[in-house]
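J.: One file is attached below, coords_3.txt, containing compact mmCIF, C-alpha atoms.
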```txt
# COMPACT_ATOMS: atom_id res chain seq x y z
CA MET Q 1 0.00 0.00 0.00
CA ASN Q 2 1.17 3.52 -0.82
CA SER Q 3 0.47 6.06 1.88
CA VAL Q 4 1.59 9.52 2.94
CA ILE Q 5 1.92 11.31 6.27
CA PRO Q 6 1.43 15.09 6.08
CA ILE Q 7 4.43 17.14 7.21
CA GLU Q 8 4.01 20.23 9.36
CA ASN Q 9 6.27 23.28 9.12
CA ASN Q 10 8.44 21.62 6.44
CA ASP Q 11 9.88 19.40 9.20
CA VAL Q 12 10.33 15.96 7.63
CA LEU Q 13 12.59 14.78 10.44
CA SER Q 14 9.89 15.34 13.06
CA ALA Q 15 7.38 13.49 10.87
CA LEU Q 16 9.77 10.57 10.48
CA ARG Q 17 10.48 10.46 14.21
CA GLY Q 18 6.76 10.48 14.90
CA PHE Q 19 6.25 7.58 12.50
CA LEU Q 20 9.03 5.55 14.15
CA ARG Q 21 7.57 6.28 17.56
CA LYS Q 22 4.18 5.10 16.31
CA LEU Q 23 5.75 1.78 15.27
CA MET Q 24 6.79 1.21 18.87
CA GLU Q 25 3.61 2.56 20.46
CA SER Q 26 1.49 0.38 18.15
CA ASP Q 27 3.34 -2.63 19.57
CA LEU Q 28 4.73 -3.65 16.20
CA VAL Q 29 8.29 -3.77 17.52
CA ASP Q 30 9.90 -3.97 20.93
CA ALA Q 31 13.00 -2.03 19.92
CA LEU Q 32 14.33 -0.09 16.93
CA LEU Q 33 17.82 -0.03 15.43
CA VAL Q 34 18.17 3.54 14.23
CA PRO Q 35 20.91 6.21 14.12
CA LEU Q 36 20.76 8.64 17.04
CA GLU Q 37 22.25 12.13 17.05
CA THR Q 38 25.18 12.54 19.44
CA GLY Q 39 25.05 16.34 19.61
CA ASP Q 40 28.33 17.01 17.79
CA GLY Q 41 27.21 16.49 14.22
CA LEU Q 42 27.45 12.73 14.41
CA VAL Q 43 25.02 9.86 14.51
CA GLN Q 44 25.67 6.50 16.06
CA PRO Q 45 23.59 3.36 15.48
CA ALA Q 46 21.64 2.45 18.60
CA LEU Q 47 19.03 -0.06 19.69
CA VAL Q 48 16.21 2.02 21.14
CA SER Q 49 13.65 0.54 23.54
CA ASP Q 50 12.38 3.86 24.98
CA PRO Q 51 10.20 5.66 22.39
CA SER Q 52 11.00 9.06 23.92
CA LEU Q 53 14.62 8.70 22.80
CA LEU Q 54 13.48 8.70 19.19
CA GLU Q 55 13.39 12.50 19.52
CA VAL Q 56 17.08 12.39 18.60
CA ALA Q 57 16.77 9.70 15.92
CA ASN Q 58 18.10 10.83 12.55
CA PRO Q 59 18.25 8.23 9.77
CA LEU Q 60 18.34 11.06 7.21
CA LEU Q 61 21.75 12.42 8.19
CA PRO Q 62 23.92 11.44 5.20
CA ILE Q 63 26.80 9.88 7.09
CA MET Q 64 27.33 6.18 7.69
CA PRO Q 65 29.58 5.21 10.62
CA ILE Q 66 29.17 1.48 9.96
CA ASN Q 67 27.23 -0.82 7.68
CA ASN Q 68 24.45 -1.76 10.09
CA ALA Q 69 24.17 -5.29 8.75
CA ARG Q 70 27.00 -5.91 11.25
CA ALA Q 71 24.84 -4.50 14.04
CA MET Q 72 21.91 -6.68 13.00
CA SER Q 73 24.15 -9.74 13.13
CA ALA Q 74 25.06 -8.84 16.70
CA LEU Q 75 21.42 -8.18 17.61
CA THR Q 76 19.81 -11.29 16.20
CA GLY Q 77 22.36 -14.08 15.80
CA LYS Q 78 20.39 -17.18 14.86
CA HIS Q 79 17.16 -15.70 16.24
CA ALA Q 80 16.12 -12.23 17.40
CA PRO Q 81 15.47 -12.11 21.18
CA ALA Q 82 12.57 -9.68 20.60
CA ARG Q 83 10.68 -7.99 17.78
CA ILE Q 84 13.28 -5.67 16.31
CA GLY Q 85 12.72 -2.96 13.74
CA ALA Q 86 15.70 -1.75 11.73
CA VAL Q 87 15.96 1.46 9.70
CA LEU Q 88 18.55 0.67 7.02
CA ARG Q 89 20.01 1.99 3.79
CA PRO Q 90 19.84 -0.25 0.68
CA CYS Q 91 23.46 -1.45 0.90
CA GLU Q 92 22.89 -2.39 4.54
CA ILE Q 93 19.80 -4.39 3.61
CA ARG Q 94 21.64 -6.18 0.82
CA ALA Q 95 24.51 -7.06 3.14
CA LEU Q 96 21.98 -8.27 5.72
CA VAL Q 97 20.43 -10.60 3.13
CA GLU Q 98 23.86 -12.09 2.44
CA LEU Q 99 24.50 -12.57 6.16
CA VAL Q 100 21.18 -14.40 6.48
CA LYS Q 101 22.37 -16.84 3.82
CA LEU Q 102 25.67 -17.19 5.66
CA GLN Q 103 23.69 -18.01 8.82
CA GLN Q 104 25.08 -15.02 10.69
CA THR Q 105 21.76 -13.31 11.32
CA SER Q 106 18.03 -13.90 11.05
CA LEU Q 107 15.06 -11.99 9.65
CA GLU Q 108 12.60 -13.78 11.93
CA ASP Q 109 10.79 -11.22 14.13
CA VAL Q 110 12.57 -8.44 12.26
CA LEU Q 111 10.73 -5.49 10.70
CA LEU Q 112 12.84 -4.01 7.91
CA ILE Q 113 12.39 -0.29 7.19
CA GLY Q 114 14.30 0.82 4.10
CA LEU Q 115 15.15 4.36 3.00
CA ASP Q 116 15.85 5.59 -0.50
CA CYS Q 117 19.52 6.59 -0.37
CA PRO Q 118 20.78 9.63 -2.30
CA GLY Q 119 24.24 8.79 -0.93
CA THR Q 120 26.42 9.49 2.09
CA TYR Q 121 29.51 11.57 2.84
CA GLU Q 122 32.81 10.62 4.40
CA LEU Q 123 32.64 11.26 8.13
CA PRO Q 124 35.97 13.15 8.59
CA GLU Q 125 35.30 15.54 5.69
CA SER Q 126 31.73 16.15 6.83
CA MET Q 127 32.93 16.97 10.34
CA ALA Q 128 35.76 19.19 9.11
CA LEU Q 129 33.37 21.30 7.04
CA GLY Q 130 30.68 21.36 9.72
CA ALA Q 131 28.16 20.07 7.20
CA CYS Q 132 26.13 18.21 9.82
CA ASN Q 133 26.51 20.61 12.76
CA GLY Q 134 24.20 23.22 14.25
CA GLU Q 135 22.35 25.48 11.83
CA ASN Q 136 24.04 23.86 8.85
CA ARG Q 137 22.30 20.58 9.55
CA SER Q 138 18.78 21.76 8.78
CA ASP Q 139 19.76 23.78 5.70
CA ASN Q 140 21.87 20.97 4.29
CA LEU Q 141 19.16 18.40 4.93
CA THR Q 142 16.74 20.53 2.93
CA THR Q 143 19.27 20.72 0.08
CA TYR Q 144 19.89 16.98 0.28
CA LEU Q 145 16.20 16.04 0.16
CA SER Q 146 15.44 18.59 -2.55
CA ALA Q 147 18.14 17.02 -4.73
CA ALA Q 148 16.62 13.57 -4.08
CA HIS Q 149 13.24 14.90 -5.17
CA ASP Q 150 14.73 16.17 -8.44
CA GLY Q 151 16.98 13.16 -9.09
CA LYS Q 152 20.19 15.16 -8.75
CA GLU Q 153 23.32 14.87 -6.65
CA ALA Q 154 23.17 17.16 -3.61
CA GLU Q 155 25.70 19.97 -3.53
CA ILE Q 156 26.63 20.51 0.11
CA LYS Q 157 29.71 22.61 0.86
CA ASP Q 158 31.65 21.02 -1.99
CA LEU Q 159 31.39 17.65 -0.23
CA PRO Q 160 31.72 14.74 -2.66
CA LEU Q 161 29.71 11.62 -1.96
CA ARG Q 162 31.67 8.63 -0.72
CA PRO Q 163 33.26 6.87 -3.73
CA ALA Q 164 30.98 3.85 -3.31
CA CYS Q 165 27.89 6.09 -3.31
CA GLN Q 166 28.99 7.89 -6.48
CA MET Q 167 28.75 4.59 -8.35
CA CYS Q 168 25.94 2.90 -6.40
CA ILE Q 169 23.36 1.37 -8.75
CA HIS Q 170 21.11 0.04 -5.98
CA PRO Q 171 19.92 3.19 -4.14
CA VAL Q 172 16.35 1.92 -3.71
CA PRO Q 173 15.66 -0.63 -0.94
CA GLU Q 174 14.23 -4.04 -1.74
CA ASN Q 175 12.97 -6.90 0.46
CA VAL Q 176 11.57 -4.48 3.06
CA ASP Q 177 8.38 -4.29 5.09
CA ILE Q 178 8.26 -0.50 4.94
CA HIS Q 179 9.79 1.66 2.21
CA ILE Q 180 10.37 5.35 2.99
CA HIS Q 181 10.54 7.24 -0.31
CA LEU Q 182 12.89 10.16 -0.88
CA PHE Q 183 13.27 9.98 -4.67
CA GLY Q 184 10.57 12.00 -6.37
CA ALA Q 185 8.91 12.90 -3.07
CA ASP Q 186 8.41 16.47 -1.86
CA SER Q 187 9.68 15.97 1.67
CA THR Q 188 8.55 19.44 2.71
CA VAL Q 189 4.93 18.30 2.25
CA VAL Q 190 4.62 14.56 2.87
CA LEU Q 191 6.46 11.56 4.23
CA ALA Q 192 5.84 9.02 1.47
CA LEU Q 193 5.59 5.34 2.40
CA THR Q 194 4.99 1.97 0.82
CA LEU Q 195 4.18 -0.73 3.34
CA LYS Q 196 2.41 -4.04 3.71
CA ASP Q 197 -1.37 -3.83 4.04
CA GLU Q 198 -1.45 -5.46 7.47
CA LEU Q 199 1.08 -2.92 8.78
CA ALA Q 200 -0.90 -0.04 7.31
CA ALA Q 201 -4.03 -1.31 9.06
CA LYS Q 202 -2.29 -1.50 12.44
CA LEU Q 203 -0.88 1.99 11.95
CA GLN Q 204 -4.26 3.28 10.74
CA LEU Q 205 -2.80 4.50 7.45
CA THR Q 206 -4.90 4.65 4.32
CA GLU Q 207 -4.14 4.37 0.62
CA ALA Q 208 -2.97 7.68 -0.82
CA PRO Q 209 -3.72 8.55 -4.44
CA ALA Q 210 -0.87 9.85 -6.55
CA GLY Q 211 -0.48 13.58 -6.22
CA GLU Q 212 1.88 16.47 -6.77
CA ALA Q 213 3.75 15.86 -3.52
CA TRP Q 214 4.50 12.25 -4.40
CA ASN Q 215 3.72 10.07 -7.36
CA PRO Q 216 5.07 6.48 -7.32
CA GLU Q 217 5.75 6.55 -11.05
CA GLN Q 218 7.64 9.82 -10.73
CA GLY Q 219 9.64 8.29 -7.91
CA ARG Q 220 10.67 5.38 -10.14
CA GLU Q 221 11.65 7.76 -12.93
CA THR Q 222 13.70 9.87 -10.53
CA ALA Q 223 15.53 6.82 -9.19
CA GLY Q 224 16.12 5.69 -12.76
CA ARG Q 225 17.87 8.96 -13.62
CA ILE Q 226 20.13 8.67 -10.61
CA ILE Q 227 20.96 5.04 -11.40
CA ALA Q 228 21.73 5.85 -15.04
CA GLY Q 229 24.21 8.53 -14.02
CA ARG Q 230 25.86 6.31 -11.47
CA LYS Q 231 26.17 3.44 -13.94
CA GLN Q 232 28.35 5.68 -16.06
CA VAL Q 233 30.53 6.56 -13.07
CA ARG Q 234 30.73 2.90 -12.07
CA GLU Q 235 31.79 1.76 -15.54
CA LYS Q 236 34.47 4.45 -15.68
CA GLU Q 237 35.87 3.78 -12.19
CA LEU Q 238 35.84 -0.02 -12.42
CA GLY Q 239 37.26 0.15 -15.94
CA ALA Q 240 40.18 2.20 -14.58
CA ILE Q 241 40.75 -0.37 -11.84
CA ARG Q 242 40.75 -3.24 -14.34
CA THR Q 243 43.24 -1.39 -16.52
CA ARG Q 244 45.55 -1.04 -13.55
CA MET Q 245 45.15 -4.75 -12.81
CA THR Q 246 46.57 -5.62 -16.23
CA SER Q 247 49.33 -3.00 -16.24
CA ASN Q 248 52.77 -3.12 -14.65
CA GLY Q 249 52.41 -4.08 -11.02
CA GLY Q 250 49.01 -5.70 -11.55
CA ILE Q 251 46.81 -6.36 -8.56
CA ALA Q 252 49.87 -6.42 -6.30
CA GLY Q 253 50.48 -2.81 -7.30
CA LEU Q 254 46.93 -1.85 -6.36
CA PHE Q 255 47.53 -3.13 -2.85
CA ALA Q 256 51.14 -1.91 -2.62
CA ALA Q 257 50.27 0.62 0.10
CA CYS Q 258 48.44 -1.94 2.27
CA ILE Q 259 49.78 -2.06 5.83
CA ARG Q 260 47.63 -5.03 6.88
CA CYS Q 261 45.91 -2.98 9.56
CA HIS Q 262 42.74 -5.07 9.09
CA ASN Q 263 40.54 -1.95 9.01
CA CYS Q 264 38.88 -3.05 5.75
CA MET Q 265 38.11 -6.44 7.19
CA THR Q 266 36.70 -4.96 10.40
CA ALA Q 267 34.49 -2.49 8.50
CA CYS Q 268 33.25 -5.08 5.99
CA PRO Q 269 29.79 -6.43 6.87
CA ILE Q 270 30.43 -9.67 4.98
CA CYS Q 271 33.69 -10.61 6.77
CA TYR Q 272 32.09 -12.40 9.70
CA CYS Q 273 34.60 -15.03 10.89
CA LYS Q 274 34.80 -15.03 14.68
CA THR Q 275 38.40 -16.19 14.51
CA CYS Q 276 40.26 -14.91 11.48
CA LEU Q 277 43.46 -16.60 10.38
CA PHE Q 278 45.06 -13.19 9.91
CA LYS Q 279 44.35 -12.24 13.53
CA THR Q 280 46.05 -15.33 14.88
CA THR Q 281 49.75 -15.96 15.45
CA SER Q 282 50.03 -17.74 12.08
CA PHE Q 283 51.66 -14.65 10.58
CA ASP Q 284 53.78 -13.73 13.58
CA HIS Q 285 56.99 -15.08 12.06
CA GLU Q 286 60.23 -15.66 13.90
CA PRO Q 287 62.86 -12.94 13.32
CA ALA Q 288 65.00 -15.36 11.32
CA TYR Q 289 62.14 -15.72 8.81
CA TYR Q 290 62.48 -12.11 7.71
CA LEU Q 291 66.28 -12.24 7.56
CA ASN Q 292 66.25 -15.44 5.49
CA ALA Q 293 63.66 -13.95 3.14
CA ALA Q 294 65.75 -10.81 2.72
CA ARG Q 295 68.85 -12.86 1.92
CA ARG Q 296 66.90 -14.97 -0.54
CA LYS Q 297 65.21 -12.08 -2.38
CA GLY Q 298 67.61 -9.23 -1.68
CA ALA Q 299 64.96 -7.32 0.29
CA GLN Q 300 61.92 -8.29 2.33
CA ARG Q 301 58.93 -6.02 2.80
CA MET Q 302 57.98 -5.24 6.39
CA LEU Q 303 55.43 -6.28 7.38
CA GLY Q 304 54.63 -8.82 4.69
CA ASP Q 305 51.74 -11.04 3.63
CA THR Q 306 49.61 -8.04 2.65
CA LEU Q 307 48.68 -9.42 -0.78
CA LEU Q 308 47.89 -12.82 0.72
CA PHE Q 309 45.58 -11.08 3.18
CA GLN Q 310 43.69 -9.20 0.47
CA MET Q 311 43.49 -12.16 -1.92
CA THR Q 312 42.13 -14.36 0.85
CA ARG Q 313 39.42 -11.80 1.56
CA LEU Q 314 38.56 -11.61 -2.14
CA ASN Q 315 38.33 -15.39 -2.33
CA HIS Q 316 36.04 -15.53 0.69
CA MET Q 317 33.53 -12.82 -0.09
CA SER Q 318 33.74 -11.51 -3.67
CA ALA Q 319 30.46 -13.20 -4.61
CA SER Q 320 28.68 -11.52 -1.70
CA CYS Q 321 30.27 -8.05 -1.94
CA VAL Q 322 27.46 -5.46 -2.05
CA SER Q 323 29.81 -2.53 -2.89
CA CYS Q 324 28.96 -0.55 0.24
CA GLY Q 325 32.50 0.86 0.21
CA MET Q 326 33.00 0.84 3.98
CA CYS Q 327 36.39 -0.77 3.38
CA THR Q 328 37.55 2.22 1.32
CA SER Q 329 36.33 4.63 3.98
CA ALA Q 330 38.25 2.71 6.65
CA CYS Q 331 41.57 2.45 4.77
CA PRO Q 332 44.30 4.72 6.22
CA SER Q 333 46.38 4.31 3.04
CA ASP Q 334 43.65 5.59 0.69
CA ILE Q 335 43.55 2.34 -1.28
CA PRO Q 336 40.32 2.08 -3.34
CA VAL Q 337 39.60 -1.26 -1.70
CA GLY Q 338 35.89 -1.13 -2.45
CA ALA Q 339 36.40 -0.41 -6.14
CA ILE Q 340 38.93 -3.25 -6.42
CA PHE Q 341 36.57 -5.69 -4.75
CA SER Q 342 33.66 -4.43 -6.88
CA ALA Q 343 35.66 -4.79 -10.09
CA ILE Q 344 36.58 -8.39 -9.28
CA GLY Q 345 33.30 -9.23 -7.56
CA GLU Q 346 31.31 -8.05 -10.56
CA HIS Q 347 33.03 -10.66 -12.76
CA VAL Q 348 32.54 -13.39 -10.15
CA GLN Q 349 28.87 -12.52 -9.72
CA ALA Q 350 28.32 -12.41 -13.48
CA ALA Q 351 29.92 -15.84 -13.88
CA PHE Q 352 27.39 -17.30 -11.46
CA GLU Q 353 24.51 -15.06 -12.63
CA TYR Q 354 24.20 -13.94 -9.03
CA THR Q 355 23.22 -10.56 -7.56
CA PRO Q 356 24.17 -10.33 -3.88
CA GLY Q 357 21.45 -9.12 -1.57
CA LYS Q 358 18.64 -9.41 -4.10
CA ASP Q 359 16.78 -12.50 -2.88
CA VAL Q 360 17.12 -14.13 0.51
CA ASN Q 361 15.98 -17.45 -0.98
CA GLU Q 362 18.60 -17.50 -3.75
CA PRO Q 363 21.40 -19.89 -2.69
CA LEU Q 364 24.97 -18.68 -2.41
CA PRO Q 365 26.83 -19.75 -5.56
CA LEU Q 366 30.07 -20.80 -3.86
CA ILE Q 367 28.31 -23.33 -1.62
CA THR Q 368 25.85 -24.62 -4.23
CA PHE Q 369 26.90 -27.61 -6.33
CA GLN Q 370 25.74 -27.80 -9.93
CA PRO Q 371 26.85 -31.05 -11.69
CA HIS Q 372 27.57 -29.38 -15.05
CA GLU Q 373 28.49 -25.84 -14.00
CA TRP Q 374 32.02 -26.04 -15.42
CA ASN Q 375 31.10 -27.44 -18.86
CA GLU Q 376 31.16 -23.97 -20.37
CA VAL Q 377 34.85 -23.50 -19.49
CA GLY Q 378 35.99 -26.76 -21.04
CA GLU Q 379 35.25 -29.51 -18.55
CA GLU Q 380 34.00 -32.64 -20.28
CA LYS Q 381 30.39 -33.69 -19.73
```
Could you spell out this file's structure in structure tokens?
T.:
Amino acid sequence: MNSVIPIENNDVLSALRGFLRKLMESDLVDALLVPLETGDGLVQPALVSDPSLLEVANPLLPIMPINNARAMSALTGKHAPARIGAVLRPCEIRALVELVKLQQTSLEDVLLIGLDCPGTYELPESMALGACNGENRSDNLTTYLSAAHDGKEAEIKDLPLRPACQMCIHPVPENVDIHIHLFGADSTVVLALTLKDELAAKLQLTEAPAGEAWNPEQGRETAGRIIAGRKQVREKELGAIRTRMTSNGGIAGLFAACIRCHNCMTACPICYCKTCLFKTTSFDHEPAYYLNAARRKGAQRMLGDTLLFQMTRLNHMSASCVSCGMCTSACPSDIPVGAIFSAIGEHVQAAFEYTPGKDVNEPLPLITFQPHEWNEVGEEK
């Protein structure tokens, strides 16, 4: 069902907070995972059980401290301990779907609330420019939502979107119980929603006819324009990465600046191993190891095994990479980790005709045996 909630005084954030509070007061959820303002221009994901604290909820602030699929894994495990609602961006939902397949989380007793995502900004740059602080916050939010309405990229204090957002081709949430529309919606007039009929009945929401403030078809057209533009950016960026892979230095050159800090692995929602080989003593070599390697090769990089670390990660999760780009944001060496993984993951996913995060019932390709799947590359029938 498509429905709208009228907005008073052009204050979409208050309308959204009121809607989230109504979800809790209507006894649809026991707690909500939602970003809360910290008072210094930041938001932090929090599990809220007291509806009054939703007065500082702000899922619209365009910064993304973590991919909250990781938080959902921590909150639910094999089964949610209560009815949990989660307000998530599309890349977070897609990563969550992959984690369900990897048996790291569950959607049972989970109410998924998805937002259209015009994109997010890097946290340090946003803080440095004060884009999300004080008076700037309200003005910039208006600019951000107005751009989403028109299908354009928001221009906020010369802040570029995070690299992953600039080439995101999945900015519209799927597989959700409630869809909060920003694309094509006039967020100064209405909060536009699509939700399941039974939820609408419990929330006493009625079907809304298409109007000037929000028209579902216009919303799809707006999202389509954004996706078309980002496809061009994606093709250009991933093409540049693939060119570098086949040039002097190859993939080893792309990761030459890696210091094996493990930030990318920690930020990645798909890297879920409780005990990672690279966090054990397996790579704590004896001093003589380095000296012997230096004598053998003439010089030994310190610390080593960086390419092995990255290639192991690629092998483990390239099919499930949702291109959220949190790895790039976390890298202290400014390596385009996300673009590299997307460039390789795209080929892996195409080979298996698999789109990560699209369908929770679609089996993971790397753990699904097909008797004749290698015939096309020369294996005899």
J.: List the spatial neighbours of Val360 of chain Q as a list in words - criterion: any atom at most 9 Å away, all atoms listed in the file, same-chain residues fewer than 6 positions off excluded.
T.: Val97, Glu98, Val100, Lys101 and Asn175 of chain Q
J.: Please report the interatomic distance between atom CA of Leu314 of chain Q and atom CA of Ile241 of chain Q in Å with one decimal.
T.: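 It comes out at 15.0 Å.
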J.: Please measure the separation of atom CA of Ser282 of chain Q and atom CA of Gly250 of chain Q, giving the value in Å to one decimal.
T.: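 Between these atoms lies a distance of 26.5 Å.
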J.: Please write as a list in words the list of polymer residues whose atoms come within 12 Å of (29.9, 6.4, 13.5), counting all atoms listed in the file and keeping to the coordinates of the file.
T.: Pro35, Leu36, Glu37, Thr38, Asp40, Gly41, Leu42, Val43, Gln44, Pro45, Ala46, Leu61, Pro62, Ile63, Met64, Pro65, Ile66, Asn67, Asn68, Tyr121, Glu122, Leu123, Pro124, Ser126, Met127, Ala267, Met326, Ser329 and Ala330 of chain Q
J.: Per residue of segment 189-252 of chain Q within 12 Å of segment 135-153 of chain Q, record the nearest atom pair and its distance in Å to one decimal, counting all atoms listed in the file, with rows in chain order and ascending residue number, as JSON lines.
T.:
```
{"residue": "Q:Val189", "atom": "CA", "partner": "Q:Ser146", "partner_atom": "CA", "distance": 11.6}
{"residue": "Q:Val190", "atom": "CA", "partner": "Q:His149", "partner_atom": "CA", "distance": 11.8}
{"residue": "Q:Leu191", "atom": "CA", "partner": "Q:Leu145", "partner_atom": "CA", "distance": 11.5}
{"residue": "Q:Ala192", "atom": "CA", "partner": "Q:His149", "partner_atom": "CA", "distance": 11.6}
{"residue": "Q:Glu212", "atom": "CA", "partner": "Q:His149", "partner_atom": "CA", "distance": 11.6}
{"residue": "Q:Ala213", "atom": "CA", "partner": "Q:His149", "partner_atom": "CA", "distance": 9.7}
{"residue": "Q:Trp214", "atom": "CA", "partner": "Q:His149", "partner_atom": "CA", "distance": 9.2}
{"residue": "Q:Asn215", "atom": "CA", "partner": "Q:His149", "partner_atom": "CA", "distance": 10.9}
{"residue": "Q:Pro216", "atom": "CA", "partner": "Q:His149", "partner_atom": "CA", "distance": 11.9}
{"residue": "Q:Gln218", "atom": "CA", "partner": "Q:His149", "partner_atom": "CA", "distance": 9.4}
{"residue": "Q:Gly219", "atom": "CA", "partner": "Q:His149", "partner_atom": "CA", "distance": 8.0}
{"residue": "Q:Arg220", "atom": "CA", "partner": "Q:Gly151", "partner_atom": "CA", "distance": 10.1}
{"residue": "Q:Glu221", "atom": "CA", "partner": "Q:Gly151", "partner_atom": "CA", "distance": 8.5}
{"residue": "Q:Thr222", "atom": "CA", "partner": "Q:Gly151", "partner_atom": "CA", "distance": 4.9}
{"residue": "Q:Ala223", "atom": "CA", "partner": "Q:Gly151", "partner_atom": "CA", "distance": 6.5}
{"residue": "Q:Gly224", "atom": "CA", "partner": "Q:Gly151", "partner_atom": "CA", "distance": 8.4}
{"residue": "Q:Arg225", "atom": "CA", "partner": "Q:Gly151", "partner_atom": "CA", "distance": 6.2}
{"residue": "Q:Ile226", "atom": "CA", "partner": "Q:Gly151", "partner_atom": "CA", "distance": 5.7}
{"residue": "Q:Ile227", "atom": "CA", "partner": "Q:Gly151", "partner_atom": "CA", "distance": 9.3}
{"residue": "Q:Ala228", "atom": "CA", "partner": "Q:Gly151", "partner_atom": "CA", "distance": 10.6}
{"residue": "Q:Gly229", "atom": "CA", "partner": "Q:Lys152", "partner_atom": "CA", "distance": 9.4}
{"residue": "Q:Arg230", "atom": "CA", "partner": "Q:Glu153", "partner_atom": "CA", "distance": 10.1}
```
J.: Between atom CA of Leu32 of chain Q and atom CA of Ala86 of chain Q, what is the distance in Å, rounded to a tenth?
T.: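 Taking atom CA of Leu32 of chain Q and atom CA of Ala86 of chain Q, their separation equals 5.6 Å.
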J.: Looking at all atoms listed in the file, which of Q:Pro81, Q:Asp27, Q:Val4, Q:Ile180 is the one that sits closest to Leu60 of chain Q?
T.: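 Closest candidate: Q:Ile180.
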J.: If we count all atoms listed in the file and set the cut-off at 8 Å, which residues sit around Cys321 of chain Q, ignoring sequence neighbours fewer than 4 positions away in its own chain? Please answer as number ranges by chain.
T.: Q: 95, 270, 317, 341-342, 345, 356
J.: Between Q:His316, Q:Arg301, Q:His170, Q:Lys196, which residue has the minimum interatomic distance to Arg234 of chain Q, considering only C-alpha atoms?
T.: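 Ranking Q:His316, Q:Arg301, Q:His170, Q:Lys196 by distance to Arg234 of chain Q, first place goes to Q:His170.
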J.: Have a look at Q:Cys273, Q:Leu307, Q:Asn292, Q:Ala31 and name the one nearest to Leu102 of chain Q; count all atoms listed in the file.
T.: Q:Cys273
J.: For Arg242 of chain Q, which residue out of Q:Glu198, Q:Asp109, Q:Glu353, Q:Glu346 is the nearest one, using all atoms listed in the file?
T.: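 Residue with the minimum atom-to-atom distance to Arg242 of chain Q: Q:Glu346.
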J.: Using all atoms listed in the file, which of the listed residues (Q:Glu237, Q:Asp30, Q:Asp11, Q:Glu125) sits closest to Arg83 of chain Q?
T.: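 Using all atoms listed in the file, Arg83 of chain Q sits closest to Q:Asp30.
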J.: Between Q:Lys78, Q:Gln349, Q:Lys22, Q:Lys358, which residue has the minimum interatomic distance to Pro51 of chain Q, considering all atoms listed in the file?
T.: Q:Lys22
J.: Give me, as a PyMOL selection string, all polymer residues having an atom no more than 12 Å from Ala257 of chain Q, counting only C-alpha atoms and skipping those fewer than 5 positions away in the same chain.
T.: chain Q and resi 251-252+301-304+306-307+310+331-337
J.: Keeping only C-alpha atoms, write the selected residues as a compact mmCIF listing (two decimals), in the frame of the given file.
T.:
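again.txt was written with the following content:
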```
# COMPACT_ATOMS: atom_id res chain seq x y z
CA ILE Q 251 46.81 -6.36 -8.56
CA ALA Q 252 49.87 -6.42 -6.30
CA ARG Q 301 58.93 -6.02 2.80
CA MET Q 302 57.98 -5.24 6.39
CA LEU Q 303 55.43 -6.28 7.38
CA GLY Q 304 54.63 -8.82 4.69
CA THR Q 306 49.61 -8.04 2.65
CA LEU Q 307 48.68 -9.42 -0.78
CA GLN Q 310 43.69 -9.20 0.47
CA CYS Q 331 41.57 2.45 4.77
CA PRO Q 332 44.30 4.72 6.22
CA SER Q 333 46.38 4.31 3.04
CA ASP Q 334 43.65 5.59 0.69
CA ILE Q 335 43.55 2.34 -1.28
CA PRO Q 336 40.32 2.08 -3.34
CA VAL Q 337 39.60 -1.26 -1.70
```
J.: Extract segment 93-105 of chain Q from the coordinates I pasted, and write it as a PDB file, in the first residue's frame (atoms kept: C-alpha atoms).
T.:
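So the final result, stored in part.pdb, reads:
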```
ATOM      1  CA  ILE Q  93      19.796  -4.391   3.605  1.00  0.00           C
ATOM      2  CA  ARG Q  94      21.644  -6.180   0.818  1.00  0.00           C
ATOM      3  CA  ALA Q  95      24.512  -7.059   3.142  1.00  0.00           C
ATOM      4  CA  LEU Q  96      21.983  -8.267   5.716  1.00  0.00           C
ATOM      5  CA  VAL Q  97      20.427 -10.602   3.133  1.00  0.00           C
ATOM      6  CA  GLU Q  98      23.858 -12.092   2.441  1.00  0.00           C
ATOM      7  CA  LEU Q  99      24.502 -12.568   6.162  1.00  0.00           C
ATOM      8  CA  VAL Q 100      21.176 -14.402   6.483  1.00  0.00           C
ATOM      9  CA  LYS Q 101      22.369 -16.842   3.819  1.00  0.00           C
ATOM     10  CA  LEU Q 102      25.668 -17.189   5.659  1.00  0.00           C
ATOM     11  CA  GLN Q 103      23.687 -18.015   8.820  1.00  0.00           C
ATOM     12  CA  GLN Q 104      25.080 -15.023  10.690  1.00  0.00           C
ATOM     13  CA  THR Q 105      21.757 -13.311  11.316  1.00  0.00           C
TER      14      THR Q 105
END
```
